[in-house]
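The block underneath contains the structure these notes are about, expressed in structure tokens.
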Amino acid sequence: MSKSFFKSGIASSEITSQTFYLRRREFIKTGIAAGIGLSIGGLLPDIASAKDSADGFKTDETLTPKDSVLTYNNFYEFGTGKSDPASYSGGFKPRPWTIEVGGMVAKPATFDIDDLIKTMSIEERIYRMRCVEAWSMVIPWQGFQLSELLKRVEPLGSAKYVAFETALRPKEMPGVGGAFAVLDWPYREGLRLDEAMNPLTLLATGLYGENLANQNGAPVRLVVPWKYGFKGIKSIVKITLTDKEPVTAWKMQNASEYGFYANVNPAVDHPRWSQKTETRIGSGSFFSPDRRDTLPFNGYGEHVAQLYSGMDLTKNY
């Protein structure tokens, strides 16, 4: 994750990709209703519409243009520049793909991602995404609740945390090589079990109605909308339930700046910049970026604040 503070926007002309997406959604919906089989390359299985905003599963805010979502990324396995993941992930092979789920569970299993998707109800979730670098997006993800996968392996009563691990393929990921590693690879993240079981926590398999692109974490990534973006581990190969707080990549790199919880909190600044406001990518202009106030828990407090009752979130950051 870049340590720089971004202060520019994306050209408003990119918004045409959003219009195309909305029209295609309507076309797909109509085709399904008429019993027409669609064979457009890269489209996900039938997608249930985003639920009511009262559930926290969608927002009426303007979507970030698809082009911006695909080209402005943090995925250090492919480089530290924002355009590096799109530029250098073409050789990454997201299929075939399996996810190993084990640890403190009654039924450990290894799942083929495509077989798993076929058995899940794929939903659309329109979430705000807030990066720790003080920029944000609004993204139409598609995927399934992490809780549905965890229920299949039956967590033991002793399990308290969920650890995640990203693929490590030096031949396909140019950012992990060299003598001066940015992070201790493979990338690792974690959640408390109650956070993982929260209905908002998503395993995303697509965005804008298509399978995830390599630069966005293909074929499956974590999305936890009330936390900073670095918690959203990409290209997951392993999920382990444990009774100990998992080791996480950015906390290992700099614990004073990147804590385990990483809840979006405008009252707790990053040591090197304010978290009170954010730049919304894809709106505004280079000379006049769209800056707005950051919301506690990224605006999802109604659904998640109770998870942290009694905790000091200035210490448990």
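Labels for the structure tokens follow display order: chains A, B, ..., residues from 1 in each chain, ligands from 1.
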Distance query A:Thr314 at most 9 Å, only C-alpha atoms, self and fewer than 3 positions along chain excluded, as a list in words: Asn265, Ala267, Val268, Met311 and Tyr317 of chain A
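Here atom CA of A:Val69 and atom CA of A:Gly42 stand 16.6 Å from one another.
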Among the residues of stretch 69-132 of chain A, find those DSSP assigns to strand (DSSP E or B) from the backbone and print them as number ranges by chain. A: 98-103, 105, 109-112, 123-130
For the residues in that selection, give me all heavy atoms as a compact mmCIF listing (two decimals), in the first residue's frame.
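Output file out.txt follows:
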```txt
# COMPACT_ATOMS: atom_id res chain seq x y z
N THR A 98 -8.34 -23.13 -5.93
CA THR A 98 -8.98 -23.74 -4.77
C THR A 98 -8.71 -22.90 -3.53
O THR A 98 -7.71 -22.18 -3.45
CB THR A 98 -8.47 -25.17 -4.52
OG1 THR A 98 -7.05 -25.16 -4.35
CG2 THR A 98 -8.85 -26.09 -5.68
N ILE A 99 -9.61 -23.00 -2.56
CA ILE A 99 -9.47 -22.34 -1.26
C ILE A 99 -9.52 -23.42 -0.19
O ILE A 99 -10.50 -24.17 -0.09
CB ILE A 99 -10.59 -21.33 -1.00
CG1 ILE A 99 -10.71 -20.32 -2.14
CG2 ILE A 99 -10.35 -20.59 0.31
CD1 ILE A 99 -11.90 -19.39 -1.99
N GLU A 100 -8.47 -23.47 0.61
CA GLU A 100 -8.41 -24.41 1.73
C GLU A 100 -8.98 -23.73 2.97
O GLU A 100 -8.54 -22.66 3.36
CB GLU A 100 -6.96 -24.82 1.98
CG GLU A 100 -6.77 -25.74 3.17
CD GLU A 100 -5.31 -25.99 3.47
OE1 GLU A 100 -4.46 -25.68 2.61
OE2 GLU A 100 -5.01 -26.47 4.59
N VAL A 101 -9.99 -24.36 3.58
CA VAL A 101 -10.62 -23.81 4.78
C VAL A 101 -10.48 -24.84 5.90
O VAL A 101 -10.96 -25.97 5.79
CB VAL A 101 -12.11 -23.48 4.55
CG1 VAL A 101 -12.69 -22.76 5.77
CG2 VAL A 101 -12.30 -22.64 3.30
N GLY A 102 -9.78 -24.45 6.97
CA GLY A 102 -9.51 -25.42 8.03
C GLY A 102 -9.22 -24.75 9.35
O GLY A 102 -9.69 -23.66 9.64
N GLY A 103 -8.43 -25.43 10.18
CA GLY A 103 -8.16 -24.94 11.52
C GLY A 103 -9.18 -25.48 12.50
O GLY A 103 -9.51 -26.67 12.47
N VAL A 105 -12.25 -26.16 12.99
CA VAL A 105 -13.54 -26.44 12.37
C VAL A 105 -13.80 -27.94 12.44
O VAL A 105 -12.88 -28.75 12.54
CB VAL A 105 -13.59 -25.97 10.90
CG1 VAL A 105 -13.35 -24.47 10.81
CG2 VAL A 105 -12.57 -26.73 10.05
N ALA A 109 -12.24 -28.40 4.65
CA ALA A 109 -12.49 -28.75 3.25
C ALA A 109 -11.68 -27.84 2.34
O ALA A 109 -11.26 -26.76 2.72
CB ALA A 109 -13.98 -28.62 2.93
N THR A 110 -11.49 -28.32 1.12
CA THR A 110 -10.88 -27.52 0.06
C THR A 110 -11.92 -27.35 -1.03
O THR A 110 -12.48 -28.34 -1.51
CB THR A 110 -9.61 -28.19 -0.49
OG1 THR A 110 -8.65 -28.30 0.57
CG2 THR A 110 -9.01 -27.37 -1.62
N PHE A 111 -12.17 -26.10 -1.42
CA PHE A 111 -13.23 -25.79 -2.36
C PHE A 111 -12.66 -25.30 -3.68
O PHE A 111 -11.80 -24.41 -3.70
CB PHE A 111 -14.14 -24.71 -1.79
CG PHE A 111 -14.83 -25.08 -0.51
CD1 PHE A 111 -14.26 -24.79 0.73
CD2 PHE A 111 -16.06 -25.72 -0.53
CE1 PHE A 111 -14.88 -25.11 1.91
CE2 PHE A 111 -16.71 -26.06 0.65
CZ PHE A 111 -16.11 -25.77 1.88
N ASP A 112 -13.13 -25.85 -4.78
CA ASP A 112 -12.86 -25.27 -6.09
C ASP A 112 -13.73 -24.03 -6.24
O ASP A 112 -14.94 -24.08 -5.96
CB ASP A 112 -13.19 -26.29 -7.20
CG ASP A 112 -13.06 -25.68 -8.57
OD1 ASP A 112 -11.94 -25.67 -9.12
OD2 ASP A 112 -14.09 -25.20 -9.11
N GLU A 123 -24.94 -12.41 -4.72
CA GLU A 123 -25.67 -11.17 -4.51
C GLU A 123 -24.83 -9.98 -4.95
O GLU A 123 -23.61 -10.04 -4.96
CB GLU A 123 -26.00 -10.98 -3.03
CG GLU A 123 -26.87 -12.06 -2.43
CD GLU A 123 -27.16 -11.80 -0.96
OE1 GLU A 123 -26.92 -10.65 -0.51
OE2 GLU A 123 -27.61 -12.72 -0.28
N GLU A 124 -25.51 -8.90 -5.28
CA GLU A 124 -24.83 -7.64 -5.53
C GLU A 124 -24.85 -6.82 -4.25
O GLU A 124 -25.88 -6.69 -3.59
CB GLU A 124 -25.50 -6.86 -6.65
CG GLU A 124 -24.84 -5.51 -6.90
CD GLU A 124 -25.48 -4.77 -8.05
OE1 GLU A 124 -26.56 -4.18 -7.85
OE2 GLU A 124 -24.90 -4.80 -9.15
N ARG A 125 -23.70 -6.28 -3.90
CA ARG A 125 -23.58 -5.39 -2.75
C ARG A 125 -22.89 -4.10 -3.22
O ARG A 125 -21.76 -4.15 -3.69
CB ARG A 125 -22.74 -6.04 -1.64
CG ARG A 125 -23.28 -7.38 -1.14
CD ARG A 125 -24.48 -7.18 -0.24
NE ARG A 125 -24.96 -8.44 0.31
CZ ARG A 125 -24.50 -8.99 1.43
NH1 ARG A 125 -23.51 -8.41 2.10
NH2 ARG A 125 -25.01 -10.11 1.89
N ILE A 126 -23.58 -2.99 -3.13
CA ILE A 126 -23.00 -1.71 -3.52
C ILE A 126 -22.45 -1.05 -2.26
O ILE A 126 -23.19 -0.51 -1.45
CB ILE A 126 -24.03 -0.81 -4.22
CG1 ILE A 126 -24.61 -1.53 -5.45
CG2 ILE A 126 -23.39 0.51 -4.63
CD1 ILE A 126 -25.74 -0.78 -6.12
N TYR A 127 -21.14 -1.15 -2.10
CA TYR A 127 -20.48 -0.70 -0.88
C TYR A 127 -19.56 0.49 -1.14
O TYR A 127 -18.91 0.58 -2.17
CB TYR A 127 -19.59 -1.82 -0.31
CG TYR A 127 -20.29 -2.94 0.41
CD1 TYR A 127 -19.65 -4.19 0.53
CD2 TYR A 127 -21.54 -2.79 0.99
CE1 TYR A 127 -20.25 -5.23 1.22
CE2 TYR A 127 -22.15 -3.82 1.67
CZ TYR A 127 -21.50 -5.05 1.79
OH TYR A 127 -22.09 -6.09 2.47
N ARG A 128 -19.48 1.35 -0.12
CA ARG A 128 -18.40 2.33 -0.08
C ARG A 128 -17.11 1.59 0.29
O ARG A 128 -17.13 0.67 1.11
CB ARG A 128 -18.69 3.42 0.96
CG ARG A 128 -19.84 4.34 0.60
CD ARG A 128 -20.07 5.38 1.69
NE ARG A 128 -20.55 4.76 2.91
CZ ARG A 128 -21.84 4.47 3.15
NH1 ARG A 128 -22.77 4.74 2.23
NH2 ARG A 128 -22.20 3.93 4.29
N MET A 129 -16.00 2.00 -0.28
CA MET A 129 -14.69 1.46 0.07
C MET A 129 -13.78 2.63 0.44
O MET A 129 -13.60 3.54 -0.35
CB MET A 129 -14.10 0.67 -1.10
CG MET A 129 -12.87 -0.17 -0.71
SD MET A 129 -11.32 0.75 -0.62
CE MET A 129 -10.94 0.96 -2.35
N ARG A 130 -13.25 2.60 1.64
CA ARG A 130 -12.40 3.69 2.14
C ARG A 130 -10.98 3.17 2.34
O ARG A 130 -10.75 2.26 3.14
CB ARG A 130 -12.99 4.22 3.44
CG ARG A 130 -12.12 5.23 4.22
CD ARG A 130 -11.82 6.48 3.42
NE ARG A 130 -11.55 7.64 4.28
CZ ARG A 130 -10.39 7.91 4.87
NH1 ARG A 130 -9.35 7.12 4.69
NH2 ARG A 130 -10.26 8.97 5.64
```
Nearest candidate to A:Arg188 (options A:Val138, A:Ile239, A:Met104, A:Val223; using only C-alpha atoms): A:Ile239
I need the alpha helix (DSSP H) residues of stretch 101-148 of chain A per DSSP on the backbone, written as a ChimeraX atom specification. /A:113-119,146-148
Given the selection you just returned, output its residues as a file containing all heavy atoms, formatted as a PDB file, in the first residue's frame.
```
ATOM      1  N   ILE A 113     -13.146 -22.929  -6.647  1.00  0.00           N
ATOM      2  CA  ILE A 113     -13.883 -21.670  -6.638  1.00  0.00           C
ATOM      3  C   ILE A 113     -15.101 -21.704  -7.543  1.00  0.00           C
ATOM      4  O   ILE A 113     -16.173 -21.206  -7.179  1.00  0.00           O
ATOM      5  CB  ILE A 113     -12.964 -20.470  -7.002  1.00  0.00           C
ATOM      6  CG1 ILE A 113     -13.718 -19.144  -6.816  1.00  0.00           C
ATOM      7  CG2 ILE A 113     -12.399 -20.601  -8.398  1.00  0.00           C
ATOM      8  CD1 ILE A 113     -14.199 -18.887  -5.402  1.00  0.00           C
ATOM      9  N   ASP A 114     -14.995 -22.315  -8.711  1.00  0.00           N
ATOM     10  CA  ASP A 114     -16.144 -22.321  -9.622  1.00  0.00           C
ATOM     11  C   ASP A 114     -17.247 -23.242  -9.114  1.00  0.00           C
ATOM     12  O   ASP A 114     -18.441 -22.911  -9.240  1.00  0.00           O
ATOM     13  CB  ASP A 114     -15.690 -22.724 -11.023  1.00  0.00           C
ATOM     14  CG  ASP A 114     -14.850 -21.641 -11.679  1.00  0.00           C
ATOM     15  OD1 ASP A 114     -15.238 -20.467 -11.603  1.00  0.00           O
ATOM     16  OD2 ASP A 114     -13.792 -21.965 -12.243  1.00  0.00           O
ATOM     17  N   ASP A 115     -16.872 -24.378  -8.524  1.00  0.00           N
ATOM     18  CA  ASP A 115     -17.880 -25.250  -7.923  1.00  0.00           C
ATOM     19  C   ASP A 115     -18.560 -24.551  -6.752  1.00  0.00           C
ATOM     20  O   ASP A 115     -19.776 -24.672  -6.558  1.00  0.00           O
ATOM     21  CB  ASP A 115     -17.246 -26.557  -7.451  1.00  0.00           C
ATOM     22  CG  ASP A 115     -16.789 -27.443  -8.596  1.00  0.00           C
ATOM     23  OD1 ASP A 115     -17.259 -27.225  -9.739  1.00  0.00           O
ATOM     24  OD2 ASP A 115     -15.967 -28.346  -8.358  1.00  0.00           O
ATOM     25  N   LEU A 116     -17.779 -23.814  -5.981  1.00  0.00           N
ATOM     26  CA  LEU A 116     -18.337 -23.100  -4.836  1.00  0.00           C
ATOM     27  C   LEU A 116     -19.324 -22.032  -5.282  1.00  0.00           C
ATOM     28  O   LEU A 116     -20.427 -21.910  -4.726  1.00  0.00           O
ATOM     29  CB  LEU A 116     -17.199 -22.471  -4.030  1.00  0.00           C
ATOM     30  CG  LEU A 116     -17.581 -21.720  -2.754  1.00  0.00           C
ATOM     31  CD1 LEU A 116     -18.240 -22.657  -1.753  1.00  0.00           C
ATOM     32  CD2 LEU A 116     -16.351 -21.050  -2.142  1.00  0.00           C
ATOM     33  N   ILE A 117     -18.961 -21.258  -6.289  1.00  0.00           N
ATOM     34  CA  ILE A 117     -19.846 -20.201  -6.786  1.00  0.00           C
ATOM     35  C   ILE A 117     -21.178 -20.779  -7.249  1.00  0.00           C
ATOM     36  O   ILE A 117     -22.246 -20.192  -7.016  1.00  0.00           O
ATOM     37  CB  ILE A 117     -19.156 -19.426  -7.925  1.00  0.00           C
ATOM     38  CG1 ILE A 117     -18.023 -18.554  -7.355  1.00  0.00           C
ATOM     39  CG2 ILE A 117     -20.155 -18.545  -8.683  1.00  0.00           C
ATOM     40  CD1 ILE A 117     -17.172 -17.891  -8.418  1.00  0.00           C
ATOM     41  N   LYS A 118     -21.132 -21.946  -7.872  1.00  0.00           N
ATOM     42  CA  LYS A 118     -22.371 -22.572  -8.362  1.00  0.00           C
ATOM     43  C   LYS A 118     -23.333 -22.915  -7.236  1.00  0.00           C
ATOM     44  O   LYS A 118     -24.547 -22.986  -7.450  1.00  0.00           O
ATOM     45  CB  LYS A 118     -22.034 -23.833  -9.153  1.00  0.00           C
ATOM     46  CG  LYS A 118     -21.340 -23.581 -10.480  1.00  0.00           C
ATOM     47  CD  LYS A 118     -20.927 -24.884 -11.131  1.00  0.00           C
ATOM     48  CE  LYS A 118     -20.131 -24.648 -12.411  1.00  0.00           C
ATOM     49  NZ  LYS A 118     -19.644 -25.929 -13.003  1.00  0.00           N
ATOM     50  N   THR A 119     -22.809 -23.135  -6.042  1.00  0.00           N
ATOM     51  CA  THR A 119     -23.659 -23.542  -4.926  1.00  0.00           C
ATOM     52  C   THR A 119     -24.069 -22.375  -4.044  1.00  0.00           C
ATOM     53  O   THR A 119     -24.834 -22.563  -3.093  1.00  0.00           O
ATOM     54  CB  THR A 119     -22.943 -24.591  -4.057  1.00  0.00           C
ATOM     55  OG1 THR A 119     -21.784 -24.003  -3.452  1.00  0.00           O
ATOM     56  CG2 THR A 119     -22.522 -25.790  -4.903  1.00  0.00           C
ATOM     57  N   LEU A 146     -19.362 -14.260   3.657  1.00  0.00           N
ATOM     58  CA  LEU A 146     -18.348 -15.145   4.216  1.00  0.00           C
ATOM     59  C   LEU A 146     -18.967 -16.113   5.213  1.00  0.00           C
ATOM     60  O   LEU A 146     -18.550 -17.274   5.312  1.00  0.00           O
ATOM     61  CB  LEU A 146     -17.251 -14.308   4.888  1.00  0.00           C
ATOM     62  CG  LEU A 146     -16.188 -15.068   5.679  1.00  0.00           C
ATOM     63  CD1 LEU A 146     -15.446 -16.065   4.801  1.00  0.00           C
ATOM     64  CD2 LEU A 146     -15.217 -14.092   6.335  1.00  0.00           C
ATOM     65  N   SER A 147     -19.965 -15.666   5.951  1.00  0.00           N
ATOM     66  CA  SER A 147     -20.594 -16.528   6.956  1.00  0.00           C
ATOM     67  C   SER A 147     -21.147 -17.806   6.343  1.00  0.00           C
ATOM     68  O   SER A 147     -21.131 -18.867   6.986  1.00  0.00           O
ATOM     69  CB  SER A 147     -21.716 -15.766   7.668  1.00  0.00           C
ATOM     70  OG  SER A 147     -22.731 -15.378   6.757  1.00  0.00           O
ATOM     71  N   GLU A 148     -21.623 -17.729   5.094  1.00  0.00           N
ATOM     72  CA  GLU A 148     -22.192 -18.919   4.459  1.00  0.00           C
ATOM     73  C   GLU A 148     -21.123 -19.977   4.201  1.00  0.00           C
ATOM     74  O   GLU A 148     -21.386 -21.180   4.313  1.00  0.00           O
ATOM     75  CB  GLU A 148     -22.897 -18.531   3.159  1.00  0.00           C
ATOM     76  CG  GLU A 148     -24.104 -17.632   3.365  1.00  0.00           C
ATOM     77  CD  GLU A 148     -25.104 -18.229   4.344  1.00  0.00           C
ATOM     78  OE1 GLU A 148     -25.515 -19.394   4.139  1.00  0.00           O
ATOM     79  OE2 GLU A 148     -25.452 -17.547   5.327  1.00  0.00           O
TER      80      GLU A 148
END
```
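Residue nearest A:Asp312 within the list A:Pro186, A:Phe75, A:Asn263, A:Gln142: A:Asn263 [criterion: smallest interatomic distance, only C-alpha atoms].
When only C-alpha atoms are used to measure the gap to A:Leu212, the shortest distance among A:Gln145, A:Pro140, A:Ser49, A:Asp55 belongs to A:Pro140.
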